[in-house]
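run.cif follows (mmCIF, C-alpha atoms and all ligand atoms):
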```cif
data_work
#
loop_
_atom_site.label_atom_id
_atom_site.label_comp_id
_atom_site.auth_asym_id
_atom_site.auth_seq_id
_atom_site.Cartn_x
_atom_site.Cartn_y
_atom_site.Cartn_z
CA MET A 11 -37.53 22.74 72.90
CA ASN A 12 -34.43 22.95 75.02
CA GLY A 13 -30.91 22.70 73.75
CA LYS A 14 -29.32 23.80 70.56
CA LEU A 15 -29.66 22.20 67.16
CA SER A 16 -26.71 21.82 64.84
CA GLU A 17 -26.51 24.23 61.91
CA LYS A 18 -27.15 21.35 59.54
CA ALA A 19 -30.35 20.45 61.40
CA GLU A 20 -31.48 24.08 61.31
CA GLU A 21 -30.92 24.24 57.57
CA ILE A 22 -32.99 21.12 56.99
CA LEU A 23 -35.85 22.43 59.14
CA GLU A 24 -35.69 25.71 57.23
CA LYS A 25 -36.02 23.91 53.88
CA LEU A 26 -38.82 21.71 55.14
CA TRP A 27 -40.72 24.66 56.55
CA MET A 28 -40.58 26.46 53.19
CA GLU A 29 -41.72 23.26 51.42
CA THR A 30 -44.65 22.92 53.81
CA GLU A 31 -45.73 26.50 54.36
CA GLU A 32 -44.82 28.12 51.08
CA GLU A 33 -45.04 25.31 48.54
CA GLY A 34 -47.86 23.45 50.26
CA ASN A 35 -46.07 20.07 50.28
CA LEU A 36 -46.72 18.25 53.55
CA PHE A 37 -44.33 15.48 52.59
CA THR A 38 -41.08 16.02 50.71
CA ASP A 39 -38.85 13.44 49.04
CA MET A 40 -35.86 12.90 51.26
CA GLU A 41 -33.62 13.08 48.20
CA LYS A 42 -34.82 16.60 47.52
CA ILE A 43 -33.59 17.93 50.89
CA PRO A 44 -31.20 15.87 50.73
CA LEU A 45 -31.44 13.74 53.84
CA THR A 46 -30.59 10.08 54.44
CA PRO A 47 -31.34 7.95 57.50
CA HIS A 48 -27.63 7.22 57.94
CA GLU A 49 -26.56 10.76 58.71
CA PRO A 50 -26.12 11.98 62.28
CA VAL A 51 -28.40 14.94 61.51
CA PHE A 52 -31.24 12.51 60.75
CA GLN A 53 -30.77 11.00 64.18
CA GLU A 54 -30.67 14.45 65.73
CA LEU A 55 -33.95 15.50 64.10
CA THR A 56 -35.73 12.27 65.00
CA ASP A 57 -34.35 12.28 68.57
CA TRP A 58 -35.89 15.70 69.08
CA ALA A 59 -39.06 14.41 67.41
CA LEU A 60 -39.02 17.25 64.90
CA ILE A 61 -39.60 15.20 61.75
CA GLU A 62 -41.42 12.09 60.69
CA VAL A 63 -40.59 9.82 57.80
CA LYS A 64 -42.88 7.73 55.64
CA GLU A 65 -41.86 5.76 52.56
CA GLY A 66 -38.85 7.86 51.67
CA GLN A 67 -40.67 11.09 52.39
CA VAL A 68 -40.17 13.44 55.28
CA ALA A 69 -42.60 15.80 57.03
CA LEU A 70 -42.35 18.24 59.91
CA ARG A 71 -43.94 17.30 63.20
CA PRO A 72 -45.68 20.25 64.97
CA GLU A 73 -42.56 20.94 67.06
CA GLY A 74 -40.44 20.88 63.91
CA LYS A 75 -42.79 23.29 62.21
CA GLU A 76 -42.54 25.74 65.09
CA GLU A 77 -38.76 25.42 65.07
CA GLY A 78 -38.61 25.83 61.27
CA ARG A 79 -40.75 28.95 61.45
CA LYS A 80 -38.33 30.53 63.91
CA ILE A 81 -35.35 29.62 61.76
CA VAL A 82 -36.90 31.13 58.62
CA ARG A 83 -37.75 34.23 60.62
CA ARG A 84 -34.16 34.58 61.80
CA PHE A 85 -32.77 33.99 58.31
CA ARG A 86 -34.99 36.61 56.70
CA LEU A 87 -34.26 39.11 59.46
CA ALA A 88 -30.56 38.44 58.95
CA GLU A 89 -30.99 39.06 55.21
CA LEU A 90 -32.60 42.43 55.88
CA LEU A 91 -29.89 43.35 58.34
CA MET A 92 -27.15 42.47 55.84
CA MET A 93 -28.76 44.23 52.91
CA ASP A 94 -30.43 47.25 54.52
CA VAL A 95 -28.17 48.07 57.43
CA PHE A 96 -24.78 46.78 56.28
CA ASN A 97 -25.50 47.35 52.59
CA ILE A 98 -24.05 44.00 51.52
CA ARG A 99 -25.50 42.78 48.21
CA GLY A 100 -25.90 39.66 46.14
CA GLU A 101 -24.34 36.30 46.99
CA ALA A 102 -22.25 37.82 49.79
CA ALA A 103 -25.44 38.93 51.54
CA ARG A 104 -26.86 35.42 51.32
CA GLU A 105 -23.72 33.85 52.69
CA LYS A 106 -23.46 36.30 55.56
CA ALA A 107 -27.16 35.89 56.34
CA CYS A 108 -26.67 32.11 56.44
CA GLN A 109 -23.89 32.48 59.00
CA PHE A 110 -25.67 35.18 60.94
CA GLU A 111 -29.01 33.44 61.28
CA HIS A 112 -27.48 30.87 63.63
CA LEU A 113 -26.33 33.64 65.94
CA LEU A 114 -29.72 35.30 66.08
CA ASN A 115 -31.07 33.06 68.79
CA GLU A 116 -34.01 34.04 70.85
CA GLY A 117 -33.68 37.47 72.36
CA VAL A 118 -31.28 38.72 69.71
CA ASP A 119 -33.87 38.27 66.98
CA ILE A 120 -36.24 40.54 68.95
CA LYS A 121 -33.59 43.26 69.10
CA VAL A 122 -32.87 43.02 65.38
CA CYS A 123 -36.57 42.91 64.56
CA THR A 124 -37.21 46.02 66.65
CA LEU A 125 -34.23 47.81 65.12
CA LEU A 126 -35.66 47.06 61.67
CA ASN A 127 -39.13 48.13 62.78
CA HIS A 128 -40.77 44.69 62.73
CA PRO A 129 -40.51 44.14 58.97
CA SER A 130 -43.03 41.86 57.28
CA THR A 131 -40.98 40.93 54.22
CA CYS A 132 -37.37 40.03 53.44
CA PRO A 133 -35.43 41.89 50.72
CA HIS A 134 -36.78 39.36 48.18
CA GLY A 135 -40.38 40.04 49.11
CA LYS A 136 -40.89 36.80 51.05
CA PRO A 137 -42.89 37.05 54.28
CA ILE A 138 -41.05 37.11 57.59
CA PRO A 139 -43.04 35.09 60.11
CA PRO A 140 -43.95 37.59 62.86
CA GLY A 141 -42.61 37.23 66.39
CA GLU A 142 -44.12 38.28 69.69
CA CYS A 143 -42.42 41.67 69.32
CA CYS A 144 -44.20 42.31 65.99
CA ILE A 145 -47.61 41.43 67.39
CA GLU A 146 -46.97 43.66 70.39
CA ALA A 147 -45.84 46.58 68.19
CA GLN A 148 -48.89 46.23 66.01
CA ARG A 149 -51.20 46.07 69.02
CA SER A 150 -49.74 49.24 70.50
CA GLY A 151 -49.80 50.95 67.09
CA ASN A 152 -46.10 51.61 67.43
CA LEU A 153 -44.97 50.99 63.89
CA GLY A 154 -43.17 54.21 63.16
CA ILE A 155 -41.39 54.71 59.86
CA VAL A 156 -41.42 51.82 57.41
CA PRO A 157 -40.46 51.29 53.77
CA LEU A 158 -43.31 51.73 51.28
CA THR A 159 -43.22 47.95 50.75
CA GLU A 160 -44.60 47.50 54.28
CA LEU A 161 -47.83 49.30 53.48
CA LYS A 162 -50.87 47.36 52.38
CA PRO A 163 -52.85 48.28 49.27
CA ASN A 164 -55.04 51.33 49.99
CA GLU A 165 -52.96 52.28 52.99
CA GLU A 166 -51.79 55.87 53.21
CA GLY A 167 -48.78 57.40 54.87
CA GLU A 168 -46.61 60.47 55.00
CA ILE A 169 -43.27 60.36 53.22
CA ALA A 170 -40.51 60.59 55.82
CA TYR A 171 -37.36 60.27 53.72
CA ILE A 172 -35.81 58.60 50.68
CA GLN A 173 -32.84 56.36 51.19
CA THR A 174 -30.84 55.97 48.00
CA GLU A 175 -27.30 56.68 46.93
CA ASP A 176 -28.37 56.89 43.32
CA ASN A 177 -28.88 60.53 42.30
CA LYS A 178 -30.83 59.66 39.18
CA LYS A 179 -33.29 57.64 41.20
CA MET A 180 -33.57 60.41 43.75
CA GLN A 181 -34.34 62.93 41.01
CA LYS A 182 -36.87 60.60 39.42
CA LEU A 183 -38.66 60.15 42.73
CA MET A 184 -38.60 63.85 43.49
CA ALA A 185 -40.06 64.57 40.06
CA MET A 186 -42.95 62.27 40.99
CA GLY A 187 -43.57 64.37 44.07
CA VAL A 188 -42.05 61.81 46.41
CA LEU A 189 -40.84 64.39 48.91
CA PRO A 190 -40.75 64.39 52.69
CA GLY A 191 -44.03 65.58 54.15
CA ASN A 192 -46.19 64.62 51.15
CA ARG A 193 -48.98 62.08 51.55
CA ILE A 194 -48.59 58.87 49.61
CA LEU A 195 -51.33 56.33 48.92
CA LEU A 196 -50.29 52.82 47.97
CA LYS A 197 -52.73 51.32 45.48
CA GLN A 198 -51.18 48.08 44.34
CA THR A 199 -48.14 45.96 45.28
CA PHE A 200 -47.99 43.40 42.48
CA PRO A 201 -46.53 43.07 39.84
CA SER A 202 -45.26 46.57 40.55
CA TYR A 203 -45.87 49.14 43.24
CA ILE A 204 -48.45 51.67 42.17
CA PHE A 205 -48.96 54.69 44.33
CA SER A 206 -50.43 58.13 44.11
CA VAL A 207 -49.03 61.40 45.35
CA GLY A 208 -51.38 64.33 44.94
CA TYR A 209 -53.44 63.66 41.82
CA SER A 210 -50.78 61.67 39.96
CA GLU A 211 -50.25 57.94 39.88
CA PHE A 212 -46.91 56.19 39.36
CA ALA A 213 -45.57 52.65 39.08
CA ILE A 214 -42.17 51.64 40.45
CA ASP A 215 -40.37 48.35 41.09
CA THR A 216 -39.81 46.72 44.48
CA ASN A 217 -36.24 47.98 44.78
CA MET A 218 -37.32 51.57 44.41
CA ALA A 219 -40.31 51.08 46.70
CA ARG A 220 -37.98 49.85 49.43
CA GLU A 221 -36.10 53.15 49.31
CA ILE A 222 -39.12 55.28 50.14
CA PHE A 223 -39.75 55.49 53.88
CA VAL A 224 -43.15 56.50 55.15
CA ARG A 225 -44.71 57.32 58.48
CA ARG A 226 -47.89 55.37 58.95
ZN ZN B 301 -35.05 36.68 51.21
ZN ZN B 302 -40.85 42.17 65.60
#
```
Written as structure tokens, that's how I'd like the structure from this file.
Amino acid sequence: MNGKLSEKAEEILEKLWMETEEEGNLFTDMEKIPLTPHEPVFQELTDWALIEVKEGQVALRPEGKEEGRKIVRRFRLAELLMMDVFNIRGEAAREKACQFEHLLNEGVDIKVCTLLNHPSTCPHGKPIPPGECCIEAQRSGNLGIVPLTELKPNEEGEIAYIQTEDNKKMQKLMAMGVLPGNRILLKQTFPSYIFSVGYSEFAIDTNMAREIFVRR
């Protein structure tokens, strides 16, 4: 589509996309969004033919779904940027990500995605819908150094570095043999990350797994 949507419209598409793609609800009660036919944003979304409404329920049209996917992608990239690069945590990270996602229009999202090494999940473990840049990087095998959370079960890598400011954590990881140059094999990702280094197996939580960077 051409032209720019209002922030309000983007937020509604984002919610609807998550309802459709992640909750499996094709139609959502308008009250749940919330959205009413009297608001300008309703007009905006119907003018662009992004949504359809039936008996008080709203669904994404194919164009709306595509748009929603891009918005979710930008939001989750913005979250990673705030939390991993700028080290902003908690509610402040969410707020900043909300503001920042609207600035990450096409082109900028590719730069951020490349800077972050085409991540597949946001800091909360939710999938980031891949962009062209991610598909291209995967095709050319150019994935470089990624957090342990980016590996798939049974994938192996070489530990590149540990990124934590917490000395206790660092010592704990080092005691497990999580040291640069060692091979690491990821065995399981849920409910905790289980990996082996050498002949030993360990379980750690997502936060810790995100601090171990491996070369694929
Ligand atoms: Zn998230
Ligand atoms: Zn990418």
Taking only C-alpha atoms and all ligand atoms into account, report as an mmCIF file with C-alpha atoms, in the coordinates of the input which residues have an atom no farther than 8 Å from an atom of ligand ZN 301 (chain B).
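As a result, result35.cif now contains:
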```
data_model
loop_
_atom_site.group_PDB
_atom_site.id
_atom_site.type_symbol
_atom_site.label_atom_id
_atom_site.label_comp_id
_atom_site.auth_asym_id
_atom_site.auth_seq_id
_atom_site.Cartn_x
_atom_site.Cartn_y
_atom_site.Cartn_z
ATOM 1 C CA PHE A 85 -32.770 33.990 58.310
ATOM 2 C CA ARG A 86 -34.990 36.610 56.700
ATOM 3 C CA GLU A 89 -30.990 39.060 55.210
ATOM 4 C CA LEU A 90 -32.600 42.430 55.880
ATOM 5 C CA THR A 131 -40.980 40.930 54.220
ATOM 6 C CA CYS A 132 -37.370 40.030 53.440
ATOM 7 C CA PRO A 133 -35.430 41.890 50.720
ATOM 8 C CA HIS A 134 -36.780 39.360 48.180
ATOM 9 C CA GLY A 135 -40.380 40.040 49.110
ATOM 10 C CA LYS A 136 -40.890 36.800 51.050
#
```
For the interface of chain A with ligand ZN 302 (chain B) (cut-off 6 Å, counting all atoms listed in the file), please tabulate each contacting residue of chain A alongside its nearest pair of atoms and their separation in Å to one decimal, rows sorted by chain and increasing number, as CSV.
```
residue,atom,partner,partner_atom,distance
A:Ile120,CA,B:ZN302,ZN,5.9
A:Cys123,CA,B:ZN302,ZN,4.5
A:Thr124,CA,B:ZN302,ZN,5.4
A:His128,CA,B:ZN302,ZN,3.8
A:Gly141,CA,B:ZN302,ZN,5.3
A:Cys143,CA,B:ZN302,ZN,4.1
A:Cys144,CA,B:ZN302,ZN,3.4
```
Dump of C-alpha atoms for the selected residues, as a PDB file, in the coordinates of the input:
```
ATOM      1  CA  ILE A 120     -36.240  40.540  68.950  1.00  0.00           C
ATOM      2  CA  CYS A 123     -36.570  42.910  64.560  1.00  0.00           C
ATOM      3  CA  THR A 124     -37.210  46.020  66.650  1.00  0.00           C
ATOM      4  CA  HIS A 128     -40.770  44.690  62.730  1.00  0.00           C
ATOM      5  CA  GLY A 141     -42.610  37.230  66.390  1.00  0.00           C
ATOM      6  CA  CYS A 143     -42.420  41.670  69.320  1.00  0.00           C
ATOM      7  CA  CYS A 144     -44.200  42.310  65.990  1.00  0.00           C
TER       8      CYS A 144
END
```
Hey, what's within 6 Å of range 195-210 of chain A if we count only C-alpha atoms and toss same-chain stuff fewer than 4 positions away? As a PDB file with C-alpha atoms, in the coordinates of the input, please?
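Ended up saving to selection34.pdb:
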```pdb
ATOM      1  CA  PRO A 163     -52.850  48.280  49.270  1.00  0.00           C
ATOM      2  CA  ASN A 164     -55.040  51.330  49.990  1.00  0.00           C
ATOM      3  CA  GLU A 165     -52.960  52.280  52.990  1.00  0.00           C
ATOM      4  CA  GLU A 166     -51.790  55.870  53.210  1.00  0.00           C
ATOM      5  CA  ILE A 214     -42.170  51.640  40.450  1.00  0.00           C
ATOM      6  CA  ASP A 215     -40.370  48.350  41.090  1.00  0.00           C
TER       7      ASP A 215
END
```
Next on the checklist: Would you pick out the contacts of Thr159 in chain A at 8 Å or less, using only C-alpha atoms, so that residues sharing its chain but fewer than 5 positions from it are not included, and give the list as a list in words?
Outcome noted: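 Everything that qualifies: Thr199, Thr216, Ala219 and Arg220 of chain A.
In terms of minimum interatomic distance to Asn217 in chain A, A:Lys179 ranks closest within A:His112, A:Lys14, A:Lys64, A:Lys179, counting all atoms listed in the file.
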Next on the checklist: Env of Glu49 in chain A: 12 Å cut, atoms = all atoms listed in the file, seq-sep filter 5 positions within chain, self excluded. Answer as a PyMOL selection string.
Outcome noted: chain A and resi 18-19+44+54-56
Range 82-116 of chain A written out with N, CA and C atoms as an mmCIF file, in the first residue's frame:
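decode.cif written:
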```
data_model
loop_
_atom_site.group_PDB
_atom_site.id
_atom_site.type_symbol
_atom_site.label_atom_id
_atom_site.label_comp_id
_atom_site.auth_asym_id
_atom_site.auth_seq_id
_atom_site.Cartn_x
_atom_site.Cartn_y
_atom_site.Cartn_z
ATOM 1 N N VAL A 82 4.218 -5.737 13.359
ATOM 2 C CA VAL A 82 4.681 -6.599 14.459
ATOM 3 C C VAL A 82 6.189 -6.808 14.344
ATOM 4 N N ARG A 83 6.640 -7.010 13.129
ATOM 5 C CA ARG A 83 8.077 -7.178 12.885
ATOM 6 C C ARG A 83 8.851 -5.952 13.377
ATOM 7 N N ARG A 84 8.373 -4.777 13.009
ATOM 8 C CA ARG A 84 9.056 -3.550 13.425
ATOM 9 C C ARG A 84 9.025 -3.392 14.937
ATOM 10 N N PHE A 85 7.876 -3.702 15.556
ATOM 11 C CA PHE A 85 7.775 -3.542 17.004
ATOM 12 C C PHE A 85 8.749 -4.472 17.724
ATOM 13 N N ARG A 86 8.815 -5.713 17.278
ATOM 14 C CA ARG A 86 9.685 -6.671 17.971
ATOM 15 C C ARG A 86 11.161 -6.381 17.710
ATOM 16 N N LEU A 87 11.465 -5.845 16.537
ATOM 17 C CA LEU A 87 12.848 -5.411 16.284
ATOM 18 C C LEU A 87 13.184 -4.226 17.178
ATOM 19 N N ALA A 88 12.222 -3.323 17.322
ATOM 20 C CA ALA A 88 12.437 -2.146 18.176
ATOM 21 C C ALA A 88 12.652 -2.586 19.628
ATOM 22 N N GLU A 89 11.908 -3.594 20.069
ATOM 23 C CA GLU A 89 12.081 -4.113 21.431
ATOM 24 C C GLU A 89 13.507 -4.630 21.638
ATOM 25 N N LEU A 90 13.982 -5.390 20.656
ATOM 26 C CA LEU A 90 15.337 -5.944 20.756
ATOM 27 C C LEU A 90 16.374 -4.841 20.788
ATOM 28 N N LEU A 91 16.151 -3.842 19.955
ATOM 29 C CA LEU A 91 17.088 -2.720 19.893
ATOM 30 C C LEU A 91 17.136 -2.003 21.242
ATOM 31 N N MET A 92 15.971 -1.749 21.818
ATOM 32 C CA MET A 92 15.909 -1.058 23.112
ATOM 33 C C MET A 92 16.587 -1.881 24.205
ATOM 34 N N MET A 93 16.259 -3.174 24.237
ATOM 35 C CA MET A 93 16.728 -3.991 25.347
ATOM 36 C C MET A 93 18.163 -4.475 25.181
ATOM 37 N N ASP A 94 18.536 -4.870 23.956
ATOM 38 C CA ASP A 94 19.870 -5.438 23.758
ATOM 39 C C ASP A 94 20.925 -4.393 23.463
ATOM 40 N N VAL A 95 20.577 -3.401 22.668
ATOM 41 C CA VAL A 95 21.593 -2.428 22.279
ATOM 42 C C VAL A 95 21.617 -1.260 23.259
ATOM 43 N N PHE A 96 20.441 -0.734 23.604
ATOM 44 C CA PHE A 96 20.403 0.425 24.495
ATOM 45 C C PHE A 96 20.262 0.035 25.963
ATOM 46 N N ASN A 97 20.037 -1.273 26.198
ATOM 47 C CA ASN A 97 19.983 -1.775 27.577
ATOM 48 C C ASN A 97 18.904 -1.094 28.423
ATOM 49 N N ILE A 98 17.764 -0.814 27.800
ATOM 50 C CA ILE A 98 16.632 -0.248 28.532
ATOM 51 C C ILE A 98 15.733 -1.417 28.915
ATOM 52 N N ARG A 99 15.269 -1.438 30.173
ATOM 53 C CA ARG A 99 14.510 -2.608 30.636
ATOM 54 C C ARG A 99 13.078 -2.259 31.021
ATOM 55 N N GLY A 100 12.296 -3.286 31.167
ATOM 56 C CA GLY A 100 10.952 -3.189 31.734
ATOM 57 C C GLY A 100 9.995 -2.319 30.944
ATOM 58 N N GLU A 101 9.139 -1.602 31.652
ATOM 59 C CA GLU A 101 8.072 -0.811 31.039
ATOM 60 C C GLU A 101 8.659 0.282 30.132
ATOM 61 N N ALA A 102 9.792 0.832 30.525
ATOM 62 C CA ALA A 102 10.424 1.876 29.714
ATOM 63 C C ALA A 102 10.785 1.335 28.341
ATOM 64 N N ALA A 103 11.234 0.082 28.292
ATOM 65 C CA ALA A 103 11.605 -0.530 27.010
ATOM 66 C C ALA A 103 10.379 -0.663 26.124
ATOM 67 N N ARG A 104 9.273 -1.056 26.723
ATOM 68 C CA ARG A 104 8.027 -1.225 25.967
ATOM 69 C C ARG A 104 7.567 0.104 25.386
ATOM 70 N N GLU A 105 7.591 1.111 26.233
ATOM 71 C CA GLU A 105 7.160 2.439 25.793
ATOM 72 C C GLU A 105 8.013 2.960 24.648
ATOM 73 N N LYS A 106 9.327 2.842 24.834
ATOM 74 C CA LYS A 106 10.248 3.325 23.799
ATOM 75 C C LYS A 106 10.059 2.532 22.508
ATOM 76 N N ALA A 107 9.869 1.222 22.657
ATOM 77 C CA ALA A 107 9.672 0.382 21.474
ATOM 78 C C ALA A 107 8.407 0.793 20.737
ATOM 79 N N CYS A 108 7.363 1.139 21.506
ATOM 80 C CA CYS A 108 6.101 1.577 20.909
ATOM 81 C C CYS A 108 6.308 2.846 20.087
ATOM 82 N N GLN A 109 7.108 3.765 20.607
ATOM 83 C CA GLN A 109 7.360 5.009 19.871
ATOM 84 C C GLN A 109 8.257 4.731 18.672
ATOM 85 N N PHE A 110 9.234 3.880 18.903
ATOM 86 C CA PHE A 110 10.260 3.653 17.888
ATOM 87 C C PHE A 110 9.744 2.862 16.698
ATOM 88 N N GLU A 111 8.800 1.963 16.947
ATOM 89 C CA GLU A 111 8.333 1.104 15.850
ATOM 90 C C GLU A 111 7.778 1.928 14.687
ATOM 91 N N HIS A 112 7.170 3.075 15.018
ATOM 92 C CA HIS A 112 6.578 3.891 13.953
ATOM 93 C C HIS A 112 7.635 4.590 13.102
ATOM 94 N N LEU A 113 8.832 4.660 13.646
ATOM 95 C CA LEU A 113 9.929 5.303 12.894
ATOM 96 C C LEU A 113 10.676 4.304 12.018
ATOM 97 N N LEU A 114 10.517 3.026 12.376
ATOM 98 C CA LEU A 114 11.225 1.985 11.626
ATOM 99 C C LEU A 114 10.477 1.637 10.345
ATOM 100 N N ASN A 115 10.308 2.598 9.478
ATOM 101 C CA ASN A 115 9.598 2.257 8.246
ATOM 102 C C ASN A 115 10.522 1.502 7.316
ATOM 103 N N GLU A 116 9.978 1.118 6.210
ATOM 104 C CA GLU A 116 10.759 0.230 5.352
ATOM 105 C C GLU A 116 12.115 0.814 4.985
#
```
